[in-house]
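Source file: my_file.cif; contents: mmCIF, C-alpha atoms.
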data_entry
#
loop_
_atom_site.label_atom_id
_atom_site.label_comp_id
_atom_site.auth_asym_id
_atom_site.auth_seq_id
_atom_site.Cartn_x
_atom_site.Cartn_y
_atom_site.Cartn_z
CA MET A 17 18.03 -31.51 5.65
CA THR A 18 18.08 -29.92 2.21
CA VAL A 19 15.60 -27.48 0.72
CA ASP A 20 15.28 -26.91 -3.02
CA SER A 21 12.99 -24.02 -3.90
CA CYS A 22 11.81 -22.35 -7.04
CA LEU A 23 9.91 -19.07 -7.16
CA CYS A 24 6.77 -18.86 -9.18
CA LEU A 25 4.92 -15.54 -9.29
CA LYS A 26 1.30 -15.43 -10.30
CA ARG A 27 -1.32 -12.92 -11.22
CA LYS A 28 -5.01 -12.88 -10.63
CA GLU A 29 -7.88 -11.23 -12.45
CA LYS A 30 -10.76 -9.91 -10.43
CA ASN A 31 -12.74 -6.71 -10.95
CA ARG A 32 -13.21 -4.89 -7.67
CA TRP A 33 -13.06 -1.29 -8.83
CA GLY A 34 -16.06 -0.72 -11.10
CA SER A 35 -14.83 0.88 -14.31
CA PHE A 36 -11.18 0.10 -13.63
CA PRO A 37 -9.59 -2.88 -15.41
CA ALA A 38 -10.22 -6.30 -13.98
CA ARG A 39 -6.55 -7.16 -13.44
CA ARG A 40 -5.58 -6.96 -9.82
CA VAL A 41 -2.25 -8.47 -9.02
CA LYS A 42 -0.43 -9.24 -5.81
CA ALA A 43 2.90 -7.76 -4.87
CA LEU A 44 4.31 -11.13 -4.10
CA GLY A 45 3.14 -14.63 -4.99
CA LEU A 46 5.38 -17.59 -4.40
CA GLY A 47 5.35 -21.17 -5.58
CA PHE A 48 8.03 -23.35 -4.07
CA MET A 49 8.92 -26.90 -5.00
CA ILE A 50 10.08 -28.30 -1.68
CA MET A 51 11.65 -31.64 -0.96
CA LEU A 52 12.84 -32.36 2.55
CA SER A 53 15.11 -35.31 3.25
CA VAL A 54 14.88 -36.19 6.93
CA VAL A 55 17.83 -37.89 8.65
CA GLY A 56 16.74 -41.07 10.37
CA SER A 57 13.52 -41.38 8.39
CA GLY A 58 14.78 -44.18 6.22
CA PRO A 59 16.44 -44.14 2.80
CA GLY A 60 14.60 -42.30 0.08
CA ARG A 61 11.73 -41.15 2.31
CA VAL A 62 10.27 -37.80 1.28
CA VAL A 63 8.47 -35.46 3.65
CA TYR A 64 6.42 -32.89 1.79
CA GLY A 65 6.63 -29.23 2.75
CA GLU A 66 2.99 -28.83 3.78
CA GLU A 67 3.44 -31.58 6.35
CA TYR A 68 6.35 -30.00 8.07
CA ASP A 69 5.67 -27.99 11.25
CA ASP A 70 8.44 -25.51 10.55
CA ALA A 71 7.54 -21.87 11.08
CA GLU A 72 10.63 -20.85 9.13
CA LEU A 73 9.06 -22.28 5.98
CA ASP A 74 5.98 -20.08 6.43
CA ALA A 75 7.91 -16.99 5.42
CA THR A 76 8.17 -14.43 2.67
CA ALA A 77 10.99 -14.34 0.13
CA ASP A 78 13.33 -11.48 -0.70
CA LEU A 79 13.44 -10.97 -4.46
CA SER A 80 16.47 -8.65 -4.31
CA GLY A 81 19.82 -10.03 -5.43
CA ILE A 82 18.35 -12.77 -7.62
CA THR A 83 21.21 -15.03 -8.67
CA ASN A 84 20.05 -18.43 -9.90
CA GLU A 85 18.55 -19.07 -13.32
CA ALA A 86 15.17 -20.29 -12.02
CA GLU A 87 14.64 -17.09 -10.06
CA LYS A 88 15.82 -14.97 -12.99
CA ALA A 89 13.26 -16.65 -15.20
CA ALA A 90 10.56 -15.89 -12.65
CA ARG A 91 11.34 -12.17 -12.70
CA ARG A 92 9.34 -11.68 -15.89
CA TYR A 93 6.22 -12.60 -13.90
CA HIS A 94 6.92 -10.02 -11.21
CA PRO A 95 3.65 -8.14 -10.74
CA VAL A 96 3.39 -4.45 -11.46
CA SER A 97 0.97 -1.83 -10.26
CA ASN A 98 -2.23 -1.11 -12.15
CA PRO A 99 -1.16 1.72 -14.54
CA GLU A 100 -4.40 3.60 -13.85
CA HIS A 101 -3.56 3.63 -10.14
CA ALA A 102 0.19 4.28 -10.34
CA GLU A 103 -0.06 8.05 -10.63
CA GLY A 104 -2.55 8.13 -7.74
CA MET A 105 -0.13 6.12 -5.60
CA ILE A 106 2.71 8.53 -6.19
CA GLU A 107 0.55 11.56 -5.48
CA ALA A 108 -0.88 9.94 -2.36
CA GLN A 109 2.59 9.16 -1.00
CA GLU A 110 3.75 12.71 -1.63
CA ILE A 111 0.76 14.17 0.21
CA ALA A 112 1.10 11.73 3.10
CA THR A 113 4.79 12.59 3.49
CA LYS A 114 4.10 16.32 3.32
CA ASN A 115 1.31 16.12 5.92
CA GLY A 116 3.10 13.67 8.21
CA ILE A 117 0.47 10.95 7.87
CA LYS A 118 1.58 7.93 9.93
CA ASN A 119 -0.14 4.87 11.38
CA SER A 120 -3.43 5.79 9.74
CA PHE A 121 -5.59 5.65 6.65
CA MET A 122 -5.94 8.61 4.31
CA ILE A 123 -8.53 9.34 1.64
CA CYS A 124 -6.38 10.05 -1.40
CA PRO A 125 -7.03 12.49 -4.27
CA ASP A 126 -8.09 9.62 -6.54
CA GLY A 127 -10.82 8.73 -4.02
CA PHE A 128 -9.24 5.53 -2.69
CA GLU A 129 -8.37 4.92 0.94
CA ARG A 130 -4.78 3.91 1.67
CA TYR A 131 -2.82 3.13 4.83
CA PHE A 132 0.54 4.65 5.82
CA ASP A 133 2.77 2.95 8.40
CA GLU A 134 4.81 4.28 11.32
CA ASN A 135 7.41 5.60 8.86
CA GLY A 136 4.81 7.29 6.70
CA GLU A 137 5.29 4.73 3.92
CA MET A 138 2.30 3.38 2.00
CA VAL A 139 1.42 -0.18 3.02
CA ARG A 140 0.78 -2.49 0.07
CA ASP A 141 -0.43 -6.06 -0.45
CA ARG A 142 -0.92 -7.02 3.18
CA LEU A 143 -3.05 -6.63 6.26
CA VAL A 144 -2.63 -3.35 8.10
CA PRO A 145 -0.93 -3.68 11.54
CA ASP A 146 -4.17 -3.99 13.52
CA ARG A 147 -5.42 -6.62 11.03
CA SER A 148 -8.65 -4.73 10.43
CA ALA A 149 -8.26 -4.48 6.65
CA TYR A 150 -6.25 -5.71 3.67
CA VAL A 151 -4.65 -3.33 1.18
CA ASP A 152 -3.81 -4.46 -2.35
CA ILE A 153 -0.78 -3.99 -4.63
CA ASP A 154 -1.81 -0.37 -5.22
CA GLY A 155 -2.23 0.32 -1.51
CA ILE A 156 -6.02 0.46 -1.87
CA LYS A 157 -8.06 -0.72 1.10
CA LEU A 158 -10.28 -3.66 0.23
CA ASN A 159 -13.80 -3.71 1.57
CA PRO A 160 -14.27 -6.92 3.62
CA GLU A 161 -17.94 -6.88 2.70
CA ASP A 162 -16.97 -7.25 -0.95
CA ASN A 163 -16.52 -11.00 -0.64
CA ASN A 164 -17.83 -14.13 -2.32
CA ILE A 165 -19.20 -15.90 0.75
CA ASN A 166 -22.74 -17.14 0.14
CA LYS A 167 -24.66 -16.23 3.30
CA THR A 168 -27.68 -18.35 2.47
CA PHE A 169 -25.49 -21.38 1.93
CA MET A 170 -23.62 -20.75 5.17
CA LYS A 171 -26.86 -20.62 7.16
CA TYR A 172 -27.65 -24.08 5.87
CA ALA A 173 -24.09 -25.42 6.17
CA SER A 174 -23.79 -24.39 9.82
CA HIS A 175 -27.26 -25.47 10.93
CA GLY A 176 -26.88 -27.46 14.13
CA ARG A 177 -23.10 -27.21 13.98
CA ARG A 178 -20.19 -24.86 13.34
CA ALA A 179 -18.54 -23.80 10.07
CA LEU A 180 -15.84 -21.48 8.76
CA ALA A 181 -16.05 -19.58 5.47
CA TYR A 182 -12.98 -17.91 3.96
CA ASP A 183 -12.79 -15.72 0.85
CA LYS A 184 -9.20 -15.64 -0.39
CA SER A 185 -9.57 -12.51 -2.53
CA SER A 186 -10.87 -10.30 0.28
CA HIS A 187 -8.90 -12.07 3.04
CA TYR A 188 -12.12 -12.18 5.04
CA MET A 189 -13.17 -15.17 7.16
CA GLU A 190 -16.43 -15.80 9.02
CA LEU A 191 -17.25 -18.12 11.91
CA TRP A 192 -20.80 -19.49 11.78
CA VAL A 193 -22.56 -21.30 14.61
CA ASN A 194 -26.00 -22.89 14.16
CA GLY A 195 -27.00 -20.77 11.19
CA VAL A 196 -25.68 -17.47 12.56
CA MET A 197 -22.49 -15.62 11.64
CA THR A 198 -20.99 -14.96 15.08
CA LYS A 199 -17.61 -13.38 14.28
CA SER A 200 -15.40 -12.32 11.39
CA TYR A 201 -11.64 -12.07 10.98
CA MET A 202 -9.09 -10.72 8.51
CA VAL A 203 -6.53 -13.45 7.78
CA THR A 204 -3.96 -14.50 5.19
CA SER A 205 -3.21 -17.68 3.28
CA GLY A 206 -1.00 -19.21 0.59
CA ALA A 207 1.81 -17.16 -0.94
CA ALA A 208 0.71 -18.06 -4.47
CA GLU A 209 -2.71 -17.31 -5.95
CA GLY A 210 -5.22 -19.75 -7.37
CA ASP A 211 -6.64 -23.13 -6.35
CA LYS A 212 -4.16 -25.68 -5.03
CA LYS A 213 -3.31 -28.31 -7.64
CA ARG A 214 -0.21 -30.12 -6.44
CA GLN A 215 2.38 -30.49 -3.71
CA GLY A 216 4.63 -27.48 -3.21
CA ASP A 217 2.66 -24.91 -5.23
CA TYR A 218 2.06 -22.67 -2.17
CA LYS A 219 -1.63 -22.28 -3.03
CA THR A 220 -4.55 -22.52 -0.63
CA PRO A 221 -7.16 -24.97 -1.95
CA VAL A 222 -10.67 -23.87 -2.89
CA GLY A 223 -13.61 -26.08 -2.00
CA TYR A 224 -15.56 -27.71 0.80
CA PHE A 225 -13.60 -29.43 3.52
CA TYR A 226 -14.08 -30.81 7.01
CA ILE A 227 -11.84 -30.77 10.09
CA CYS A 228 -10.19 -34.16 10.41
CA ASP A 229 -7.60 -33.48 13.11
CA LYS A 230 -6.75 -30.98 15.85
CA LYS A 231 -3.39 -30.48 17.50
CA VAL A 232 -1.18 -27.87 19.13
CA SER A 233 2.47 -27.23 18.23
CA ASP A 234 5.12 -24.70 19.21
CA SER A 235 5.58 -23.47 15.64
CA LEU A 236 1.98 -23.05 14.47
CA LYS A 237 0.07 -23.02 17.77
CA GLU A 238 -3.48 -24.42 17.50
CA GLU A 239 -3.89 -26.34 14.25
CA LEU A 240 -7.13 -27.42 12.53
CA TYR A 241 -6.25 -29.99 9.86
CA LEU A 242 -8.47 -30.00 6.72
CA ASN A 243 -9.19 -33.06 4.56
CA TYR A 244 -7.23 -31.88 1.54
CA PRO A 245 -6.99 -33.71 -0.86
CA ASN A 246 -10.75 -34.31 -0.74
CA ILE A 247 -12.91 -36.35 -3.10
CA GLU A 248 -12.89 -33.77 -5.87
CA ASP A 249 -9.15 -33.29 -5.56
CA ALA A 250 -8.59 -37.04 -5.78
CA LYS A 251 -10.70 -37.29 -8.95
CA ARG A 252 -8.83 -34.37 -10.48
CA GLY A 253 -5.46 -35.83 -9.53
CA LEU A 254 -6.36 -39.14 -11.17
CA LYS A 255 -7.58 -37.41 -14.32
CA THR A 256 -4.43 -35.30 -14.65
CA GLY A 257 -2.10 -38.19 -13.87
CA LEU A 258 -0.73 -36.81 -10.61
CA ILE A 259 -1.89 -39.88 -8.70
CA ASP A 260 -2.80 -43.45 -9.66
CA LYS A 261 -6.16 -45.15 -9.35
CA GLY A 262 -5.30 -46.90 -6.09
CA THR A 263 -4.26 -43.65 -4.41
CA ALA A 264 -7.37 -41.86 -5.70
CA GLU A 265 -9.64 -44.59 -4.35
CA GLN A 266 -7.87 -44.46 -0.99
CA LEU A 267 -8.31 -40.67 -0.75
CA ILE A 268 -11.95 -40.86 -1.78
CA GLN A 269 -12.74 -43.57 0.77
CA THR A 270 -10.94 -41.63 3.50
CA SER A 271 -13.08 -38.55 2.88
CA ARG A 272 -16.28 -40.61 2.76
CA ASN A 273 -15.36 -41.96 6.19
CA LEU A 274 -14.54 -38.45 7.51
CA GLY A 275 -10.96 -39.57 7.98
CA LYS A 276 -7.59 -37.82 7.66
CA PRO A 277 -6.10 -38.14 4.15
CA THR A 278 -2.44 -38.81 3.56
CA ALA A 279 -0.34 -35.81 2.60
CA ARG A 280 2.31 -37.92 0.86
CA THR A 281 1.05 -37.68 -2.68
CA ARG A 282 1.82 -35.31 -5.55
CA LEU A 283 -1.37 -33.45 -4.67
CA GLY A 284 0.22 -32.23 -1.42
CA GLY A 285 -1.68 -32.00 1.83
CA ALA A 286 -1.56 -31.09 5.54
CA ILE A 287 -3.56 -27.93 4.84
CA GLU A 288 -4.58 -26.28 8.09
CA VAL A 289 -6.12 -23.27 9.75
CA HIS A 290 -3.33 -22.40 12.15
CA GLY A 291 -1.81 -19.67 14.29
CA ASN A 292 1.19 -17.38 13.80
CA GLY A 293 -0.57 -15.83 10.81
CA GLU A 294 1.54 -13.17 9.13
CA LEU A 295 0.37 -9.84 7.73
CA MET A 296 0.83 -10.95 4.13
CA ASP A 297 -0.01 -14.13 2.23
CA ALA A 298 3.03 -16.20 3.08
CA THR A 299 2.02 -19.77 3.97
CA ARG A 300 2.58 -22.94 1.97
CA GLY A 301 -1.17 -23.28 1.47
CA CYS A 302 -2.59 -23.01 4.97
CA ILE A 303 -4.78 -20.25 6.39
CA GLY A 304 -2.75 -18.24 8.89
CA VAL A 305 -4.63 -16.55 11.74
CA PHE A 306 -3.61 -14.13 14.49
CA ASN A 307 -2.90 -16.25 17.56
CA GLU A 308 -5.60 -14.84 19.84
CA TRP A 309 -8.27 -15.29 17.18
CA ASN A 310 -6.95 -18.70 16.23
CA LYS A 311 -7.26 -19.99 19.81
CA GLU A 312 -10.86 -18.80 19.84
CA ILE A 313 -11.63 -20.58 16.57
CA TYR A 314 -9.82 -23.74 17.66
CA ASP A 315 -11.81 -23.98 20.89
CA ILE A 316 -15.13 -23.67 19.03
CA MET A 317 -14.57 -25.83 15.96
CA GLN A 318 -14.86 -29.62 16.32
CA PHE A 319 -14.06 -32.74 14.30
CA GLY A 320 -16.28 -32.98 11.23
CA ASP A 321 -17.11 -29.25 11.17
CA ARG A 322 -16.97 -27.72 7.71
CA VAL A 323 -14.56 -25.18 6.25
CA TYR A 324 -15.56 -23.53 2.98
CA ILE A 325 -12.89 -21.72 0.97
CA VAL A 326 -13.78 -19.53 -2.02
CA GLU A 327 -11.99 -17.00 -4.23
#

Encoded form (structure tokens):
Amino acid sequence: MTVDSCLCLKRKEKNRWGSFPARRVKALGLGFMIMLSVVGSGPGRVVYGEEYDDAELDATADLSGITNEAEKAARRYHPVSNPEHAEGMIEAQEIATKNGIKNSFMICPDGFERYFDENGEMVRDRLVPDRSAYVDIDGIKLNPEDNNINKTFMKYASHGRRALAYDKSSHYMELWVNGVMTKSYMVTSGAAEGDKKRQGDYKTPVGYFYICDKKVSDSLKEELYLNYPNIEDAKRGLKTGLIDKGTAEQLIQTSRNLGKPTARTRLGGAIEVHGNGELMDATRGCIGVFNEWNKEIYDIMQFGDRVYIVE
């Protein structure tokens, strides 16, 4: 088996802090181009990364000691802290160290709430250990209620059935049953930001999907398979030349029949809600959930139930 990977770091613009600038960037965004050659699968057969149940691929990357040219080129996209928050971060760390703040949040002099780990170090760009909140690149705690989930729409979408809604920017997910939001979770997703466009870009797709398969594996625990690429993805792929007309028609017909689309196209696939969710965005495009919560979701959600993903 061989793995060829290329880092691709992205930024995202979203105003969450009132008068502060709209640019909010992640500490680490990854886009890997993965090709896996599987022994015994036949000559020339390609298995795409999103298909592969390999927990080792759902991992973060160490940017230290960059050696190859592709990674060197990616360094210029390495995100930096918001300049207006940088001074507040430094001051907050100094105060936390002086006061011995550990394993807790602290209201900082600049008015933002930040979390400090068991070593007293500021936690950045990840869920806090108890998975109750997400902190951004500047260590600032995001408010889960500041999300883009349309409650009115979800009441309709879950009427007489079940549905999941996930907002990538807030890392907040809701479980709806028969028009009522019954539980919420803080989860993580793809290592790269933005809507998924093609195989290997490490992005979690945005849109309306349904559950087309359920299975359990050792690596990812309970897995809810989404119908990515869906109809809109197929039309986009045809328009941009990533897939041909025959493949697009096949994907469209599969979704119309509530079937399971192939993942062996340049659009990628095998996007799931699965277990073994990490504390930071580190999947190849899936939504990673804490195992106990994931089992709960898996037992409730059924074939054909909807999953809505927004940014």

Cut-off 10 Å: closest range 100-219 of chain A/range 314-325 of chain A atom pairs per residue, using only C-alpha atoms, as CSV:
residue,atom,partner,partner_atom,distance
A:Asn164,CA,A:Ile325,CA,9.6
A:Ile165,CA,A:Ile325,CA,8.6
A:Met170,CA,A:Tyr324,CA,8.8
A:Ala173,CA,A:Arg322,CA,7.6
A:Ser174,CA,A:Arg322,CA,7.9
A:Arg177,CA,A:Asp321,CA,6.9
A:Arg178,CA,A:Asp321,CA,5.8
A:Ala179,CA,A:Arg322,CA,4.8
A:Leu180,CA,A:Val323,CA,4.7
A:Ala181,CA,A:Tyr324,CA,4.7
A:Tyr182,CA,A:Ile325,CA,4.8
A:Asp183,CA,A:Ile325,CA,6.0
A:Lys184,CA,A:Ile325,CA,7.2
A:Met189,CA,A:Ile325,CA,9.0
A:Glu190,CA,A:Tyr324,CA,9.8
A:Leu191,CA,A:Met317,CA,9.1
A:Trp192,CA,A:Met317,CA,9.8
A:Val193,CA,A:Ile316,CA,9.0
A:Asp211,CA,A:Ile325,CA,9.7

Exercise: Glu129 in chain A partners within 9 Å, only C-alpha atoms, chain neighbours under 4 positions left out, as a PyMOL selection string:
chain A and resi 121-124+155-158

For C-alpha atoms, I'd like the residues from the last selection saved as a PDB file, keeping the file's coordinate frame.
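So the final result, stored in out14.pdb, reads:
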ATOM      1  CA  PHE A 121      -5.590   5.650   6.650  1.00  0.00           C
ATOM      2  CA  MET A 122      -5.940   8.610   4.310  1.00  0.00           C
ATOM      3  CA  ILE A 123      -8.530   9.340   1.640  1.00  0.00           C
ATOM      4  CA  CYS A 124      -6.380  10.050  -1.400  1.00  0.00           C
ATOM      5  CA  GLY A 155      -2.230   0.320  -1.510  1.00  0.00           C
ATOM      6  CA  ILE A 156      -6.020   0.460  -1.870  1.00  0.00           C
ATOM      7  CA  LYS A 157      -8.060  -0.720   1.100  1.00  0.00           C
ATOM      8  CA  LEU A 158     -10.280  -3.660   0.230  1.00  0.00           C
TER       9      LEU A 158
END

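Note that CA of Tyr226 in chain A and CA of Ser185 in chain A are 21.1 Å apart.
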
Where does the PyMOL selection byres ((chain A and resi 107) around 12) land in this file, that is, which residues does it pick, as a PDB file with C-alpha atoms, in the coordinates of the input?
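See out-v8.pdb below for the written result:
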ATOM      1  CA  HIS A 101      -3.560   3.630 -10.140  1.00  0.00           C
ATOM      2  CA  ALA A 102       0.190   4.280 -10.340  1.00  0.00           C
ATOM      3  CA  GLU A 103      -0.060   8.050 -10.630  1.00  0.00           C
ATOM      4  CA  GLY A 104      -2.550   8.130  -7.740  1.00  0.00           C
ATOM      5  CA  MET A 105      -0.130   6.120  -5.600  1.00  0.00           C
ATOM      6  CA  ILE A 106       2.710   8.530  -6.190  1.00  0.00           C
ATOM      7  CA  ALA A 108      -0.880   9.940  -2.360  1.00  0.00           C
ATOM      8  CA  GLN A 109       2.590   9.160  -1.000  1.00  0.00           C
ATOM      9  CA  GLU A 110       3.750  12.710  -1.630  1.00  0.00           C
ATOM     10  CA  ILE A 111       0.760  14.170   0.210  1.00  0.00           C
ATOM     11  CA  ALA A 112       1.100  11.730   3.100  1.00  0.00           C
ATOM     12  CA  THR A 113       4.790  12.590   3.490  1.00  0.00           C
ATOM     13  CA  LYS A 114       4.100  16.320   3.320  1.00  0.00           C
ATOM     14  CA  ILE A 123      -8.530   9.340   1.640  1.00  0.00           C
ATOM     15  CA  CYS A 124      -6.380  10.050  -1.400  1.00  0.00           C
ATOM     16  CA  PRO A 125      -7.030  12.490  -4.270  1.00  0.00           C
ATOM     17  CA  ASP A 126      -8.090   9.620  -6.540  1.00  0.00           C
ATOM     18  CA  GLY A 127     -10.820   8.730  -4.020  1.00  0.00           C
ATOM     19  CA  PHE A 128      -9.240   5.530  -2.690  1.00  0.00           C
ATOM     20  CA  ARG A 130      -4.780   3.910   1.670  1.00  0.00           C
ATOM     21  CA  MET A 138       2.300   3.380   2.000  1.00  0.00           C
TER      22      MET A 138
END

Can you work out which one of A:Asn246, A:Ser120, A:Thr278, A:Ser186 has the shortest atom-to-atom distance to Lys212 in chain A, counting all atoms listed in the file?
A:Asn246

Counting only C-alpha atoms, the residue of A:Pro221, A:Gln266, A:Tyr172, A:Glu248 that sits nearest Gly195 in chain A
A:Tyr172

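Picked by the PyMOL selection byres ((chain A and resi 220) around 10) from the coordinates shown: Lys184, Thr204, Ser205, Gly206, Ala207, Ala208, Glu209, Gly210, Asp211, Lys212, Lys213, Asp217, Tyr218, Lys219, Pro221, Val222, Gly223, Tyr244, Ile287, Glu288, Asp297, Thr299, Arg300, Gly301, Cys302, Ile303, Ile325, Val326 and Glu327 of chain A.
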
Could you write out that same residue set with C-alpha atoms as a PDB file, keeping the file's coordinate frame?
ATOM      1  CA  LYS A 184      -9.200 -15.640  -0.390  1.00  0.00           C
ATOM      2  CA  THR A 204      -3.960 -14.500   5.190  1.00  0.00           C
ATOM      3  CA  SER A 205      -3.210 -17.680   3.280  1.00  0.00           C
ATOM      4  CA  GLY A 206      -1.000 -19.210   0.590  1.00  0.00           C
ATOM      5  CA  ALA A 207       1.810 -17.160  -0.940  1.00  0.00           C
ATOM      6  CA  ALA A 208       0.710 -18.060  -4.470  1.00  0.00           C
ATOM      7  CA  GLU A 209      -2.710 -17.310  -5.950  1.00  0.00           C
ATOM      8  CA  GLY A 210      -5.220 -19.750  -7.370  1.00  0.00           C
ATOM      9  CA  ASP A 211      -6.640 -23.130  -6.350  1.00  0.00           C
ATOM     10  CA  LYS A 212      -4.160 -25.680  -5.030  1.00  0.00           C
ATOM     11  CA  LYS A 213      -3.310 -28.310  -7.640  1.00  0.00           C
ATOM     12  CA  ASP A 217       2.660 -24.910  -5.230  1.00  0.00           C
ATOM     13  CA  TYR A 218       2.060 -22.670  -2.170  1.00  0.00           C
ATOM     14  CA  LYS A 219      -1.630 -22.280  -3.030  1.00  0.00           C
ATOM     15  CA  PRO A 221      -7.160 -24.970  -1.950  1.00  0.00           C
ATOM     16  CA  VAL A 222     -10.670 -23.870  -2.890  1.00  0.00           C
ATOM     17  CA  GLY A 223     -13.610 -26.080  -2.000  1.00  0.00           C
ATOM     18  CA  TYR A 244      -7.230 -31.880   1.540  1.00  0.00           C
ATOM     19  CA  ILE A 287      -3.560 -27.930   4.840  1.00  0.00           C
ATOM     20  CA  GLU A 288      -4.580 -26.280   8.090  1.00  0.00           C
ATOM     21  CA  ASP A 297      -0.010 -14.130   2.230  1.00  0.00           C
ATOM     22  CA  THR A 299       2.020 -19.770   3.970  1.00  0.00           C
ATOM     23  CA  ARG A 300       2.580 -22.940   1.970  1.00  0.00           C
ATOM     24  CA  GLY A 301      -1.170 -23.280   1.470  1.00  0.00           C
ATOM     25  CA  CYS A 302      -2.590 -23.010   4.970  1.00  0.00           C
ATOM     26  CA  ILE A 303      -4.780 -20.250   6.390  1.00  0.00           C
ATOM     27  CA  ILE A 325     -12.890 -21.720   0.970  1.00  0.00           C
ATOM     28  CA  VAL A 326     -13.780 -19.530  -2.020  1.00  0.00           C
ATOM     29  CA  GLU A 327     -11.990 -17.000  -4.230  1.00  0.00           C
TER      30      GLU A 327
END

Residues within 7 Å of Arg214 in chain A, please, as a VMD selection string. Count only C-alpha atoms; anything in the same chain fewer than 6 positions from it doesn't count.
chain A and resid 282 to 284

If you keep C-alpha atoms, can you produce a file of those selected residues as an mmCIF file, in the frame of the given file?
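The resulting file, out-v3.cif, is reproduced below:
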data_model
loop_
_atom_site.group_PDB
_atom_site.id
_atom_site.type_symbol
_atom_site.label_atom_id
_atom_site.label_comp_id
_atom_site.auth_asym_id
_atom_site.auth_seq_id
_atom_site.Cartn_x
_atom_site.Cartn_y
_atom_site.Cartn_z
ATOM 1 C CA ARG A 282 1.820 -35.310 -5.550
ATOM 2 C CA LEU A 283 -1.370 -33.450 -4.670
ATOM 3 C CA GLY A 284 0.220 -32.230 -1.420
#

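If you measure from each of A:His175, A:Asn98, A:Val203, A:Lys255 to Pro145 in chain A using only C-alpha atoms, the closest one turns out to be A:Val203.
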
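Taking CA of Thr270 in chain A as the reference point, CA of Leu240 in chain A is found at 17.3 Å.
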
The distance between CA of Thr263 in chain A and CA of Val289 in chain A is 24.9 Å

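Minimum distance to Tyr188 in chain A across A:Lys237, A:Val139, A:Leu258, A:Gly304 (counting only C-alpha atoms) occurs at A:Gly304.
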
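Nearest residue to Asp229 in chain A, choosing from A:Pro245, A:Lys261, A:Val196, A:Gly275 and counting only C-alpha atoms: A:Gly275.
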
Selection in question (the file shown): the PyMOL selection byres ((chain A and resi 294) around 8). Which residues does it include, as an MDAnalysis selection string?
chainID A and resid 204 292:293 295:298 304:306

How big is the axis-aligned box around the listed atoms of range 115-131 of chain A once 6 Å is added on each side, and where is its centre? Give both in Å to one decimal, as lines of an AutoDock Vina configuration file.
center_x = -3.9
center_y = 9.6
center_z = 2.4
size_x = 25.9
size_y = 25.0
size_z = 29.9

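Distances from A:Asp133, A:Gln215, A:Ala279, A:Leu267 to Asp249 in chain A were compared using all atoms listed in the file, and the smallest one belongs to A:Leu267.
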